[in-house]
Each structure stands twice: as structure tokens, then as C-alpha cells.
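K.L.:
Just one file: model_35.csv, with CSV, C-alpha atoms.
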chain,number,residue,atom,x,y,z
A,1,MET,CA,0.0,0.0,0.0
A,2,SER,CA,1.4,3.4,-0.9
A,3,PRO,CA,1.7,6.1,1.8
A,4,SER,CA,-0.8,8.3,0.0
A,5,ARG,CA,-3.5,5.6,0.3
A,6,ALA,CA,-3.1,5.1,4.1
A,7,PRO,CA,-5.0,8.2,5.1
A,8,GLN,CA,-7.9,7.3,2.8
A,9,VAL,CA,-8.2,3.8,4.4
A,10,VAL,CA,-8.2,5.3,7.9
A,11,ALA,CA,-10.8,7.9,6.9
A,12,ALA,CA,-13.1,5.2,5.4
A,13,ALA,CA,-12.8,3.1,8.6
A,14,ARG,CA,-13.5,6.1,10.7
A,15,ALA,CA,-16.6,7.0,8.6
A,16,ARG,CA,-17.9,3.4,8.9
A,17,ARG,CA,-17.4,3.5,12.7
A,18,ASN,CA,-19.2,6.8,12.9
A,19,LEU,CA,-22.1,5.6,10.8
A,20,VAL,CA,-22.5,2.5,13.0
A,21,LEU,CA,-22.4,4.6,16.2
A,22,GLY,CA,-24.8,7.1,14.8
A,23,GLY,CA,-27.3,4.2,13.9
A,24,ILE,CA,-27.0,2.8,17.4
A,25,ALA,CA,-27.6,6.2,18.9
A,26,LEU,CA,-30.7,6.7,16.7
A,27,ALA,CA,-32.1,3.3,17.7
A,28,VAL,CA,-31.6,4.1,21.4
A,29,ALA,CA,-33.3,7.5,21.0
A,30,VAL,CA,-36.3,5.9,19.3
A,31,VAL,CA,-36.7,3.3,22.1
A,32,VAL,CA,-36.4,5.9,24.8
A,33,SER,CA,-39.0,8.1,23.2
A,34,VAL,CA,-41.4,5.2,22.8
A,35,VAL,CA,-41.0,4.2,26.4
A,36,VAL,CA,-41.4,7.8,27.6
A,37,VAL,CA,-44.5,8.5,25.5
A,38,THR,CA,-46.3,5.2,26.4
A,39,ALA,CA,-45.1,4.1,29.8
A,40,VAL,CA,-44.6,7.3,31.8
A,41,PRO,CA,-48.2,8.5,31.7
A,42,LEU,CA,-49.4,5.1,32.9
A,43,GLY,CA,-46.8,4.3,35.5
A,44,LEU,CA,-45.1,1.0,35.9
A,45,ARG,CA,-46.5,-2.3,37.2
A,46,GLY,CA,-49.6,-1.1,39.1
A,47,GLN,CA,-48.1,2.1,40.4
A,48,GLY,CA,-49.9,4.4,37.9
A,49,VAL,CA,-53.4,5.3,37.1
A,50,ALA,CA,-55.4,2.1,37.6
A,51,GLN,CA,-56.8,2.2,41.2
A,52,ILE,CA,-59.8,0.4,42.7
A,53,GLN,CA,-61.2,1.4,46.1
A,54,ALA,CA,-63.9,0.0,48.4
A,55,ALA,CA,-66.9,2.2,48.6
A,56,THR,CA,-68.8,0.1,51.1
A,57,GLU,CA,-68.1,-3.0,53.3
A,58,PRO,CA,-69.5,-6.3,52.1
A,59,ARG,CA,-73.1,-6.8,53.3
A,60,ALA,CA,-76.1,-8.9,52.7
A,61,ALA,CA,-78.1,-7.7,49.7
A,62,ALA,CA,-81.4,-6.1,50.5
A,63,ASP,CA,-83.3,-8.1,47.8
A,64,THR,CA,-82.2,-11.6,49.1
A,65,GLY,CA,-81.0,-11.0,52.6
A,66,VAL,CA,-78.4,-13.8,52.2
A,67,ARG,CA,-76.4,-13.0,49.0
A,68,ALA,CA,-73.4,-10.7,49.7
A,69,VAL,CA,-72.6,-7.5,47.8
A,70,ALA,CA,-69.8,-5.0,48.0
A,71,ASP,CA,-69.7,-1.6,46.2
A,72,LEU,CA,-66.4,-0.5,44.8
A,73,ARG,CA,-65.2,2.5,42.7
A,74,THR,CA,-62.4,3.3,40.3
A,75,ALA,CA,-60.3,6.4,40.9
A,76,PRO,CA,-60.7,9.1,38.3
A,77,ILE,CA,-57.9,9.1,35.6
A,78,ALA,CA,-56.8,12.6,34.7
A,79,SER,CA,-54.2,11.8,32.1
A,80,LEU,CA,-56.2,9.5,29.9
A,81,GLY,CA,-55.3,9.6,26.2
A,82,ALA,CA,-57.7,9.5,23.3
A,83,ASP,CA,-56.8,5.9,22.4
A,84,ALA,CA,-57.0,4.5,26.0
A,85,THR,CA,-59.3,1.6,27.0
A,86,ALA,CA,-60.3,0.4,30.5
A,87,THR,CA,-61.9,-2.8,31.6
A,88,LEU,CA,-63.1,-4.2,34.9
A,89,GLU,CA,-63.2,-8.0,35.3
A,90,LEU,CA,-63.4,-10.8,37.8
A,91,VAL,CA,-60.3,-13.1,37.7
A,92,GLY,CA,-59.1,-16.1,39.5
A,93,ASP,CA,-60.7,-19.4,40.6
A,94,SER,CA,-63.7,-17.7,42.4
A,95,ALA,CA,-64.6,-15.4,39.4
A,96,GLY,CA,-67.5,-17.7,38.4
A,97,ARG,CA,-69.1,-17.3,41.8
A,98,ALA,CA,-69.6,-13.5,41.5
A,99,ARG,CA,-71.0,-10.9,39.1
A,100,LEU,CA,-70.3,-7.3,38.4
A,101,ALA,CA,-73.2,-4.7,38.2
A,102,LEU,CA,-73.4,-1.0,37.3
A,103,PRO,CA,-75.8,1.6,38.7
A,104,ARG,CA,-78.4,2.9,36.2
A,105,ASP,CA,-81.6,4.9,36.7
A,106,GLU,CA,-83.7,1.8,37.4
A,107,GLY,CA,-81.2,0.3,39.9
A,108,TRP,CA,-78.3,-2.0,39.6
A,109,VAL,CA,-77.9,-3.7,36.2
A,110,ASP,CA,-76.0,-7.0,36.0
A,111,ALA,CA,-73.0,-6.7,33.7
A,112,GLY,CA,-71.5,-10.2,33.9
A,113,HIS,CA,-67.8,-11.0,34.6
A,114,ARG,CA,-66.3,-8.2,32.5
A,115,ILE,CA,-67.1,-4.5,31.9
A,116,ALA,CA,-65.5,-2.4,29.1
A,117,LEU,CA,-65.6,1.2,30.5
A,118,SER,CA,-66.2,4.1,28.2
A,119,ARG,CA,-63.5,6.7,28.1
A,120,THR,CA,-65.7,9.1,30.0
A,121,ASP,CA,-66.4,6.6,32.8
A,122,ALA,CA,-62.7,5.7,33.0
A,123,ALA,CA,-61.7,9.4,33.2
A,124,ASP,CA,-64.4,10.3,35.8
A,125,GLY,CA,-64.2,7.1,37.8
A,126,VAL,CA,-67.2,4.7,38.2
A,127,VAL,CA,-69.0,3.0,41.0
A,128,PHE,CA,-69.8,-0.7,40.5
A,129,ARG,CA,-70.9,-3.6,42.6
A,130,VAL,CA,-69.6,-7.1,43.1
A,131,SER,CA,-72.2,-9.6,44.2
A,132,ALA,CA,-72.0,-13.3,45.1
A,133,ARG,CA,-74.0,-15.5,42.8
A,134,ASP,CA,-74.7,-18.1,45.4
A,135,SER,CA,-76.4,-17.9,48.8
A,136,ARG,CA,-74.3,-19.5,51.5
A,137,GLN,CA,-76.0,-20.5,54.7
A,138,ASP,CA,-72.7,-20.4,56.6
A,139,GLY,CA,-71.9,-17.0,55.2
A,140,HIS,CA,-68.3,-18.0,54.2
A,141,ARG,CA,-67.1,-17.3,50.7
A,142,GLU,CA,-63.7,-17.3,49.0
A,143,PRO,CA,-62.4,-13.9,48.1
A,144,VAL,CA,-63.0,-12.6,44.6
A,145,ILE,CA,-60.3,-10.7,42.7
A,146,VAL,CA,-61.5,-7.6,40.7
A,147,ARG,CA,-59.0,-6.4,38.1
A,148,LEU,CA,-59.0,-2.9,36.5
A,149,THR,CA,-56.8,-2.7,33.4
A,150,VAL,CA,-56.1,0.6,31.7
A,151,SER,CA,-54.4,0.3,28.3
A,152,GLN,CA,-52.8,3.2,26.6
A,153,GLY,CA,-49.9,2.6,24.2
A,154,LEU,CA,-47.7,-0.4,24.8
A,155,LEU,CA,-47.9,-1.1,28.5
A,156,PRO,CA,-51.2,-1.7,30.4
A,157,ASP,CA,-51.5,-0.6,34.0
A,158,ILE,CA,-53.2,-3.2,36.1
A,159,ALA,CA,-54.7,-2.9,39.6
A,160,ASP,CA,-56.1,-6.0,41.5
A,161,LEU,CA,-58.3,-5.8,44.6
A,162,GLU,CA,-59.3,-8.9,46.6
A,163,VAL,CA,-62.9,-8.6,47.8
A,164,ASP,CA,-64.1,-10.9,50.6
A,165,LEU,CA,-67.8,-11.2,50.1
A,166,THR,CA,-68.5,-12.5,53.5
A,167,PRO,CA,-71.0,-10.0,55.1
A,168,SER,CA,-69.8,-8.3,58.2
Output the file's structure in the form of C-alpha cells.
P.N.:
Amino acid sequence: MSPSRAPQVVAAARARRNLVLGGIALAVAVVVSVVVVTAVPLGLRGQGVAQIQAATEPRAAADTGVRAVADLRTAPIASLGADATATLELVGDSAGRARLALPRDEGWVDAGHRIALSRTDAADGVVFRVSARDSRQDGHREPVIVRLTVSQGLLPDIADLEVDLTPS
């Protein structure tokens, strides 16, 4: 190799290295921006916007006197994006022994095991009821797990609440 070609080879190697490093930096910047845009508004692993709170203690339902009910509410979500979705559902082994209900003008309306909340309901927070499907003479029931899932972007935010439907 002639001495005049050596600087050209070094310059070409340096340009290739700079191109690779620039590509890596661009890829890292894209990943960081996606994580910031999607994960930060929702928090990480249940520490964000999805929250369920007890509104009343479990008690015997007025209509049956034996079946247990508990009223719960979701916390309002201030930073809810336009593409966000929220669902309430019963999960776990005892999910089949309970139902969800929503208040309407005519009273409580059975909603089954899963409720898809509207964006307005999720933003404002909603009161809902968990009721036992069976009447137990001994009053003892296994706890039911209620899950609120708020999805916005890539990472869903999940909150679980264990509800013991044994009337106090």
C-alpha cells in the first residue's frame, strides 16, 4: 500500500465506525422516546393510574338477605389519552361465583364478569358492585379478585383488589 492511500483507508474506517455509532444512537433514542410516551403516563406495574377502592363494606343484599354484595369505585384518571381503554373483570378461581353490576336509573344492572368502560367513565371514575351468585347458609365465601386494566400505548396498567364477600 502506498503512503498516500493510508489516510484514505483510515478515513473510510472512521466513517464506517461513525455511521454504526450514529445508527446505534438513533435506535436508542427511538426506544427511549417510545417508552417515555407510552409508559410514563401510565406508571409501571400497578403504580400508575389504575386504582380500585372499596366504597362500602360487604353486606347482605337487600333483595335476598343472604347473598353478599360490595360496592367499589375506580379512581378518576386525569391523564387518559384518546386511544385509551379500560376494563373491569373478575379473575381467579372464584370469578365464576360472583358478578359485576353497574348503577343505572332503574337500579343495579347485571354486567357479567367483564365490563368495558367508556373513556368518560374511566376518566371520571365509576362506582360498581360485586355480588355473590350463590347464597351460603354459613356466610363464608372465598375472596373474589377484581381487576382494573387501563391500556394506553404499549404497557397496560393493572390494579387488582381482593374482595371478601363475607358479610360483616
K.L.:
Calculate how many Å separate CA of Val10 in chain A from CA of Leu26 in chain A, rounding to one decimal.
P.N.:
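Taking CA of Val10 in chain A as the start and CA of Leu26 in chain A as the end point, the length is 24.2 Å.
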K.L.:
Have a look at A:Ala25, A:Ala54, A:Val130, A:Val49 and name the one nearest to Leu72 in chain A; count only C-alpha atoms.
P.N.:
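Under the stated criterion, the closest residue is A:Ala54.
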K.L.:
Between range 86-107 of chain A and range 73-78 of chain A, at 12 Å or less, what are the per-residue closest atom pairs and their distances in Å? Count all atoms listed in the file, order by chain and rising residue number, and return it as a tab-separated table.
P.N.:
residue	atom	partner	partner_atom	distance
A:Ala86	CA	A:Ile77	CA	10.4
A:Thr87	CA	A:Thr74	CA	10.6
A:Leu88	CA	A:Thr74	CA	9.3
A:Leu100	CA	A:Arg73	CA	11.9
A:Ala101	CA	A:Arg73	CA	11.7
A:Leu102	CA	A:Arg73	CA	10.4
A:Pro103	CA	A:Arg73	CA	11.4
K.L.:
Export, as a CSV table (one decimal), keeping the file's coordinate frame, the selected residues with C-alpha atoms.
P.N.:
chain,number,residue,atom,x,y,z
A,86,ALA,CA,-60.3,0.4,30.5
A,87,THR,CA,-61.9,-2.8,31.6
A,88,LEU,CA,-63.1,-4.2,34.9
A,100,LEU,CA,-70.3,-7.3,38.4
A,101,ALA,CA,-73.2,-4.7,38.2
A,102,LEU,CA,-73.4,-1.0,37.3
A,103,PRO,CA,-75.8,1.6,38.7
K.L.:
What is the distance between CA of Leu161 in chain A and CA of Val146 in chain A, in Å to one decimal?
P.N.:
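CA of Leu161 in chain A sits 5.4 Å away from CA of Val146 in chain A.
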K.L.:
Hey, can you check how far CA of Ala132 in chain A sits from CA of Arg99 in chain A?
P.N.:
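Going from CA of Ala132 in chain A over to CA of Arg99 in chain A, I get 6.5 Å.
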K.L.:
Find the residues around Ala159 in chain A up to 6 Å (all atoms listed in the file counted), leave out those fewer than 5 positions away in its own chain, and share them as a PyMOL selection string.
P.N.:
chain A and resi 46+50-51+147-148
K.L.:
If we count all atoms listed in the file, what is near Asp93 in chain A at a cut-off of 10 Å, once residues fewer than 3 positions away on the same chain are taken out, given as a PyMOL selection string?
P.N.:
chain A and resi 90+96-97+142-145
K.L.:
Could you pull the residues within 6 Å of Asp71 in chain A, counting all atoms listed in the file, minus those fewer than 5 positions along the same chain, as a list in words?
P.N.:
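Contacts, with the query itself left out: Ala55, Thr56, Phe128 and Arg129 of chain A.
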K.L.:
Using only C-alpha atoms, which residue out of A:Ala29, A:Ala68, A:Val163, A:Ala116 lies closest to Thr149 in chain A?
P.N.:
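With only C-alpha atoms as the atom set, the closest residue is A:Ala116.
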